[in-house]
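Each remark here refers to the structure printed beneath this line.
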Amino acid sequence: NLALDLGISLVDTAREYEGSEYLIGQVVRSRGGKTFYISTKTMRRERDGAQHDVDRSLGVLGVDSVDLYQLHDVSSAEAWDAVTREDGALMGLKIARERGLIRHIGMSSHSLDVLEKAITCGEFDAVMLEYSAFYRETEALLTLARERDVGVIVMRPLGGSGRMSGVRARMQAGDHEAALTPAILLRYVLSNPDVSVAIPGARYPSRIDDNVDVALTYEPLSEDERRACETAASLF
């Protein structure tokens with residue numbers, strides 16, 4: 001509720017995030033209907049399983065359609081072959097889209113090769129990938145996605161919980177000269193014009209406030225600031 005009240009308009013979840021769709025559905029119902037975009041995912045690799053997950057998501061979320069439904073963690077050649085075969089999960093999502101149950105199809109992946117296939121094959125409206133000052137291996141894919149008119153959702157824009165623990169520990173220790181802060185890391189990602197949206201996780205309400213404040217007020221990092229951020233990140 002706080003995120004929505006502050007103006008966040010996209011909530012990302014997955015069938016595999018235990019209880020997440022249920023909690024989002026409770027919010028949808030308490031607010032009198034869906035007033036924001038919902039993205040969810042399926043780990044199913046076959047057509048019928050994907051369609052089943054779509055139907056389950058609609059019921060749990062309490063919506064008539066899902067804005068973006070993604071194939072979850074397609075991160076190997078074997079997984080790619082499974083979801084793209086004739087009776088694979090991609091076909092299940094295409095059928096769901098034809099039925100009006102979902103609006104767009106996406107894929108999340110940690111494989112550079114699979115992501116390139118997803119971006120160039122013409123079947124996906126969006127991809128979810130990791131990108132941050134700590135992990136820049138996907139930078140070329142961001143440009144490719146823009147050229148192919150494929151949306152990019154950045155996961156772990158702050159580097160993931162493990163790295164953020166180290167950053168916050170330095171801040172709490174009074175290292176005021178530290179080149180990395182959560183705000184700078186989020187600015188780093190948002191400064192890349194090829195990024196469509198970033199989804200930093202937040203364990204505490206105060207961090208939602210902080211992230212929204214950065215998104216509303218940030219200035220893009222200069223090239224020198226980006227390089228300094230990358231140099232500091234390489235030390236973790």
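So you can find residues: chains in the structure tokens are A, B, ... in the order shown, residues in each start at 1, and ligands are numbered from 1 in order.
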
Practice task
Name the residues of range 20-235 of chain A that come out as alpha helix (DSSP H) in a backbone DSSP run; write them as a PyMOL selection string.
Solution key: chain A and resi 20-30+47-61+77-84+89-98+112-120+139-147+161-172+182-190+205-217+223-233

Contacts of Ser222 in chain A at 12 Å (only C-alpha atoms; same-chain gap of 3+ positions) as a PDB file with all heavy atoms, in the first residue's frame:
ATOM      1  N   ILE A 184      23.052   6.197  -4.914  1.00  0.00           N
ATOM      2  CA  ILE A 184      23.954   6.309  -6.062  1.00  0.00           C
ATOM      3  C   ILE A 184      23.826   5.089  -6.962  1.00  0.00           C
ATOM      4  O   ILE A 184      23.823   5.202  -8.200  1.00  0.00           O
ATOM      5  CB  ILE A 184      25.411   6.488  -5.582  1.00  0.00           C
ATOM      6  CG1 ILE A 184      25.590   7.876  -4.967  1.00  0.00           C
ATOM      7  CG2 ILE A 184      26.390   6.277  -6.740  1.00  0.00           C
ATOM      8  CD1 ILE A 184      26.945   8.110  -4.347  1.00  0.00           C
ATOM      9  N   ARG A 187      20.680   5.476  -8.913  1.00  0.00           N
ATOM     10  CA  ARG A 187      20.906   6.499  -9.941  1.00  0.00           C
ATOM     11  C   ARG A 187      21.730   5.939 -11.088  1.00  0.00           C
ATOM     12  O   ARG A 187      21.496   6.286 -12.253  1.00  0.00           O
ATOM     13  CB  ARG A 187      21.620   7.711  -9.339  1.00  0.00           C
ATOM     14  CG  ARG A 187      20.750   8.618  -8.485  1.00  0.00           C
ATOM     15  CD  ARG A 187      21.582   9.759  -7.907  1.00  0.00           C
ATOM     16  NE  ARG A 187      22.129  10.620  -8.957  1.00  0.00           N
ATOM     17  CZ  ARG A 187      23.161  11.438  -8.782  1.00  0.00           C
ATOM     18  NH1 ARG A 187      23.775  11.491  -7.597  1.00  0.00           N
ATOM     19  NH2 ARG A 187      23.584  12.198  -9.781  1.00  0.00           N
ATOM     20  N   TYR A 188      22.701   5.085 -10.773  1.00  0.00           N
ATOM     21  CA  TYR A 188      23.538   4.486 -11.816  1.00  0.00           C
ATOM     22  C   TYR A 188      22.674   3.755 -12.841  1.00  0.00           C
ATOM     23  O   TYR A 188      22.830   3.937 -14.058  1.00  0.00           O
ATOM     24  CB  TYR A 188      24.541   3.518 -11.178  1.00  0.00           C
ATOM     25  CG  TYR A 188      25.417   2.803 -12.182  1.00  0.00           C
ATOM     26  CD1 TYR A 188      26.634   3.349 -12.577  1.00  0.00           C
ATOM     27  CD2 TYR A 188      25.024   1.588 -12.748  1.00  0.00           C
ATOM     28  CE1 TYR A 188      27.440   2.704 -13.510  1.00  0.00           C
ATOM     29  CE2 TYR A 188      25.816   0.943 -13.682  1.00  0.00           C
ATOM     30  CZ  TYR A 188      27.019   1.506 -14.050  1.00  0.00           C
ATOM     31  OH  TYR A 188      27.805   0.867 -14.986  1.00  0.00           O
ATOM     32  N   SER A 191      20.267   6.048 -14.789  1.00  0.00           N
ATOM     33  CA  SER A 191      20.963   6.943 -15.715  1.00  0.00           C
ATOM     34  C   SER A 191      21.170   6.317 -17.084  1.00  0.00           C
ATOM     35  O   SER A 191      21.521   7.021 -18.037  1.00  0.00           O
ATOM     36  CB  SER A 191      22.327   7.344 -15.130  1.00  0.00           C
ATOM     37  OG  SER A 191      22.175   8.106 -13.948  1.00  0.00           O
ATOM     38  N   ASN A 192      20.971   5.007 -17.178  1.00  0.00           N
ATOM     39  CA  ASN A 192      21.115   4.340 -18.478  1.00  0.00           C
ATOM     40  C   ASN A 192      19.799   4.475 -19.241  1.00  0.00           C
ATOM     41  O   ASN A 192      18.777   3.922 -18.832  1.00  0.00           O
ATOM     42  CB  ASN A 192      21.459   2.861 -18.281  1.00  0.00           C
ATOM     43  CG  ASN A 192      21.834   2.175 -19.584  1.00  0.00           C
ATOM     44  OD1 ASN A 192      21.217   2.413 -20.620  1.00  0.00           O
ATOM     45  ND2 ASN A 192      22.845   1.326 -19.534  1.00  0.00           N
ATOM     46  N   TYR A 218      16.227  12.365  -8.894  1.00  0.00           N
ATOM     47  CA  TYR A 218      17.621  12.131  -9.293  1.00  0.00           C
ATOM     48  C   TYR A 218      18.010  12.909 -10.544  1.00  0.00           C
ATOM     49  O   TYR A 218      17.188  13.208 -11.409  1.00  0.00           O
ATOM     50  CB  TYR A 218      17.861  10.639  -9.519  1.00  0.00           C
ATOM     51  CG  TYR A 218      17.472  10.134 -10.895  1.00  0.00           C
ATOM     52  CD1 TYR A 218      18.439   9.949 -11.884  1.00  0.00           C
ATOM     53  CD2 TYR A 218      16.146   9.853 -11.218  1.00  0.00           C
ATOM     54  CE1 TYR A 218      18.095   9.506 -13.153  1.00  0.00           C
ATOM     55  CE2 TYR A 218      15.790   9.407 -12.474  1.00  0.00           C
ATOM     56  CZ  TYR A 218      16.767   9.234 -13.441  1.00  0.00           C
ATOM     57  OH  TYR A 218      16.411   8.800 -14.688  1.00  0.00           O
ATOM     58  N   GLU A 219      19.291  13.208 -10.609  1.00  0.00           N
ATOM     59  CA  GLU A 219      19.925  13.702 -11.824  1.00  0.00           C
ATOM     60  C   GLU A 219      20.788  12.568 -12.364  1.00  0.00           C
ATOM     61  O   GLU A 219      21.457  11.882 -11.597  1.00  0.00           O
ATOM     62  CB  GLU A 219      20.798  14.920 -11.528  1.00  0.00           C
ATOM     63  CG  GLU A 219      20.030  16.152 -11.097  1.00  0.00           C
ATOM     64  CD  GLU A 219      19.269  16.780 -12.262  1.00  0.00           C
ATOM     65  OE1 GLU A 219      19.672  16.537 -13.437  1.00  0.00           O
ATOM     66  OE2 GLU A 219      18.275  17.482 -12.008  1.00  0.00           O
ATOM     67  N   GLU A 225      31.170  10.215 -12.849  1.00  0.00           N
ATOM     68  CA  GLU A 225      30.507   9.619 -11.693  1.00  0.00           C
ATOM     69  C   GLU A 225      30.195   8.148 -11.935  1.00  0.00           C
ATOM     70  O   GLU A 225      30.304   7.321 -11.028  1.00  0.00           O
ATOM     71  CB  GLU A 225      29.223  10.391 -11.374  1.00  0.00           C
ATOM     72  CG  GLU A 225      29.458  11.780 -10.792  1.00  0.00           C
ATOM     73  CD  GLU A 225      28.173  12.576 -10.672  1.00  0.00           C
ATOM     74  OE1 GLU A 225      27.292  12.452 -11.558  1.00  0.00           O
ATOM     75  OE2 GLU A 225      28.048  13.342  -9.691  1.00  0.00           O
ATOM     76  N   ARG A 226      29.817   7.810 -13.169  1.00  0.00           N
ATOM     77  CA  ARG A 226      29.551   6.400 -13.498  1.00  0.00           C
ATOM     78  C   ARG A 226      30.819   5.574 -13.351  1.00  0.00           C
ATOM     79  O   ARG A 226      30.808   4.478 -12.789  1.00  0.00           O
ATOM     80  CB  ARG A 226      28.991   6.282 -14.918  1.00  0.00           C
ATOM     81  CG  ARG A 226      27.553   6.749 -15.057  1.00  0.00           C
ATOM     82  CD  ARG A 226      27.075   6.633 -16.504  1.00  0.00           C
ATOM     83  NE  ARG A 226      27.165   5.266 -16.995  1.00  0.00           N
ATOM     84  CZ  ARG A 226      26.235   4.332 -16.761  1.00  0.00           C
ATOM     85  NH1 ARG A 226      25.167   4.619 -16.038  1.00  0.00           N
ATOM     86  NH2 ARG A 226      26.385   3.112 -17.249  1.00  0.00           N
ATOM     87  N   ARG A 227      31.935   6.092 -13.865  1.00  0.00           N
ATOM     88  CA  ARG A 227      33.190   5.348 -13.776  1.00  0.00           C
ATOM     89  C   ARG A 227      33.620   5.184 -12.314  1.00  0.00           C
ATOM     90  O   ARG A 227      34.136   4.133 -11.920  1.00  0.00           O
ATOM     91  CB  ARG A 227      34.277   6.085 -14.567  1.00  0.00           C
ATOM     92  CG  ARG A 227      34.029   6.218 -16.052  1.00  0.00           C
ATOM     93  CD  ARG A 227      34.145   4.889 -16.802  1.00  0.00           C
ATOM     94  NE  ARG A 227      32.904   4.129 -16.785  1.00  0.00           N
ATOM     95  CZ  ARG A 227      31.869   4.347 -17.605  1.00  0.00           C
ATOM     96  NH1 ARG A 227      31.924   5.311 -18.499  1.00  0.00           N
ATOM     97  NH2 ARG A 227      30.800   3.592 -17.547  1.00  0.00           N
ATOM     98  N   ALA A 228      33.429   6.224 -11.497  1.00  0.00           N
ATOM     99  CA  ALA A 228      33.781   6.131 -10.081  1.00  0.00           C
ATOM    100  C   ALA A 228      32.926   5.080  -9.376  1.00  0.00           C
ATOM    101  O   ALA A 228      33.408   4.324  -8.524  1.00  0.00           O
ATOM    102  CB  ALA A 228      33.615   7.492  -9.411  1.00  0.00           C
ATOM    103  N   CYS A 229      31.658   5.035  -9.738  1.00  0.00           N
ATOM    104  CA  CYS A 229      30.753   4.049  -9.170  1.00  0.00           C
ATOM    105  C   CYS A 229      31.196   2.644  -9.544  1.00  0.00           C
ATOM    106  O   CYS A 229      31.212   1.733  -8.699  1.00  0.00           O
ATOM    107  CB  CYS A 229      29.336   4.337  -9.667  1.00  0.00           C
ATOM    108  SG  CYS A 229      28.022   3.420  -8.829  1.00  0.00           S
TER     109      CYS A 229
END

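The shortest atom-to-atom distance to Ser30 in chain A, with only C-alpha atoms taken into account, belongs to A:Asn1 out of A:Thr181, A:Gln172, A:Thr13, A:Asn1.
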
Exercise for the section: Output as a PyMOL selection string all residues of range 49-196 of chain A that backbone DSSP marks as strand (DSSP E). Expected result: chain A and resi 66-71+102-108+126-130+151-155

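Closest approach to Leu71 in chain A among A:Gly106, A:Pro182, A:Gly59, A:Gly151 is made by A:Gly106 (distances from only C-alpha atoms).
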
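Note that CA of Glu130 in chain A and CA of Ser165 in chain A are 17.9 Å apart.
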
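For the set A:Ile38, A:Ile95, A:Ile208, A:Val154, the residue with the smallest atom-to-atom gap to Ser65 in chain A is A:Ile38, counting only C-alpha atoms.
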
Proximity check range 8-61 of chain A to range 77-86 of chain A, 8 Å, nearest pairs one decimal Å, only C-alpha atoms, as CSV:
residue,atom,partner,partner_atom,distance
A:Arg45,CA,A:Val83,CA,5.0
A:Glu46,CA,A:Val83,CA,6.3
A:Arg47,CA,A:Val83,CA,7.9

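Pairwise distance (CA of Glu123 in chain A, CA of Leu90 in chain A) equals 8.5 Å.
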
Contacts of Val152 in chain A at 8 Å or less, counting only C-alpha atoms, minus same-chain residues fewer than 5 places along, as a PDB file with N, CA, C and O atoms, in the first residue's frame?
ATOM      1  N   ALA A 126       9.102  -7.975 -23.410  1.00  0.00           N
ATOM      2  CA  ALA A 126      10.019  -7.480 -22.381  1.00  0.00           C
ATOM      3  C   ALA A 126      10.903  -8.614 -21.888  1.00  0.00           C
ATOM      4  O   ALA A 126      10.528  -9.786 -21.961  1.00  0.00           O
ATOM      5  N   VAL A 127      12.067  -8.250 -21.395  1.00  0.00           N
ATOM      6  CA  VAL A 127      12.952  -9.197 -20.723  1.00  0.00           C
ATOM      7  C   VAL A 127      13.327  -8.620 -19.361  1.00  0.00           C
ATOM      8  O   VAL A 127      13.409  -7.402 -19.189  1.00  0.00           O
ATOM      9  N   MET A 128      13.526  -9.524 -18.414  1.00  0.00           N
ATOM     10  CA  MET A 128      14.020  -9.129 -17.097  1.00  0.00           C
ATOM     11  C   MET A 128      15.428  -9.679 -16.945  1.00  0.00           C
ATOM     12  O   MET A 128      15.659 -10.875 -17.142  1.00  0.00           O
ATOM     13  N   LEU A 129      16.359  -8.795 -16.605  1.00  0.00           N
ATOM     14  CA  LEU A 129      17.759  -9.192 -16.502  1.00  0.00           C
ATOM     15  C   LEU A 129      18.437  -8.449 -15.354  1.00  0.00           C
ATOM     16  O   LEU A 129      17.921  -7.457 -14.841  1.00  0.00           O
ATOM     17  N   LEU A 142      21.124  -4.353 -23.227  1.00  0.00           N
ATOM     18  CA  LEU A 142      20.218  -3.219 -23.033  1.00  0.00           C
ATOM     19  C   LEU A 142      20.076  -2.432 -24.342  1.00  0.00           C
ATOM     20  O   LEU A 142      18.968  -2.055 -24.743  1.00  0.00           O
ATOM     21  N   ALA A 145      18.104  -4.479 -26.887  1.00  0.00           N
ATOM     22  CA  ALA A 145      16.674  -4.481 -26.582  1.00  0.00           C
ATOM     23  C   ALA A 145      16.014  -3.187 -27.043  1.00  0.00           C
ATOM     24  O   ALA A 145      14.906  -3.200 -27.587  1.00  0.00           O
ATOM     25  N   ASP A 194      18.634   3.083 -21.733  1.00  0.00           N
ATOM     26  CA  ASP A 194      18.101   1.854 -22.299  1.00  0.00           C
ATOM     27  C   ASP A 194      17.314   1.027 -21.283  1.00  0.00           C
ATOM     28  O   ASP A 194      16.732   0.001 -21.632  1.00  0.00           O
ATOM     29  N   VAL A 195      17.294   1.464 -20.023  1.00  0.00           N
ATOM     30  CA  VAL A 195      16.544   0.776 -18.972  1.00  0.00           C
ATOM     31  C   VAL A 195      15.105   1.277 -18.977  1.00  0.00           C
ATOM     32  O   VAL A 195      14.860   2.490 -18.924  1.00  0.00           O
ATOM     33  N   SER A 196      14.149   0.353 -19.056  1.00  0.00           N
ATOM     34  CA  SER A 196      12.733   0.740 -19.024  1.00  0.00           C
ATOM     35  C   SER A 196      12.260   0.951 -17.600  1.00  0.00           C
ATOM     36  O   SER A 196      11.569   1.933 -17.296  1.00  0.00           O
ATOM     37  N   VAL A 197      12.605   0.034 -16.704  1.00  0.00           N
ATOM     38  CA  VAL A 197      12.168   0.117 -15.316  1.00  0.00           C
ATOM     39  C   VAL A 197      13.119  -0.704 -14.453  1.00  0.00           C
ATOM     40  O   VAL A 197      13.677  -1.711 -14.911  1.00  0.00           O
TER      41      VAL A 197
END

Exercise for the section: In Å, rounded to a single decimal, give me how far CA of Leu186 in chain A is from CA of Leu221 in chain A. Expected result: 10.3 Å

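Remark: for Arg56 in chain A, the closest of the candidate residues A:Arg15, A:Arg156, A:Arg44, A:Arg203 is A:Arg15 (distances computed over only C-alpha atoms).
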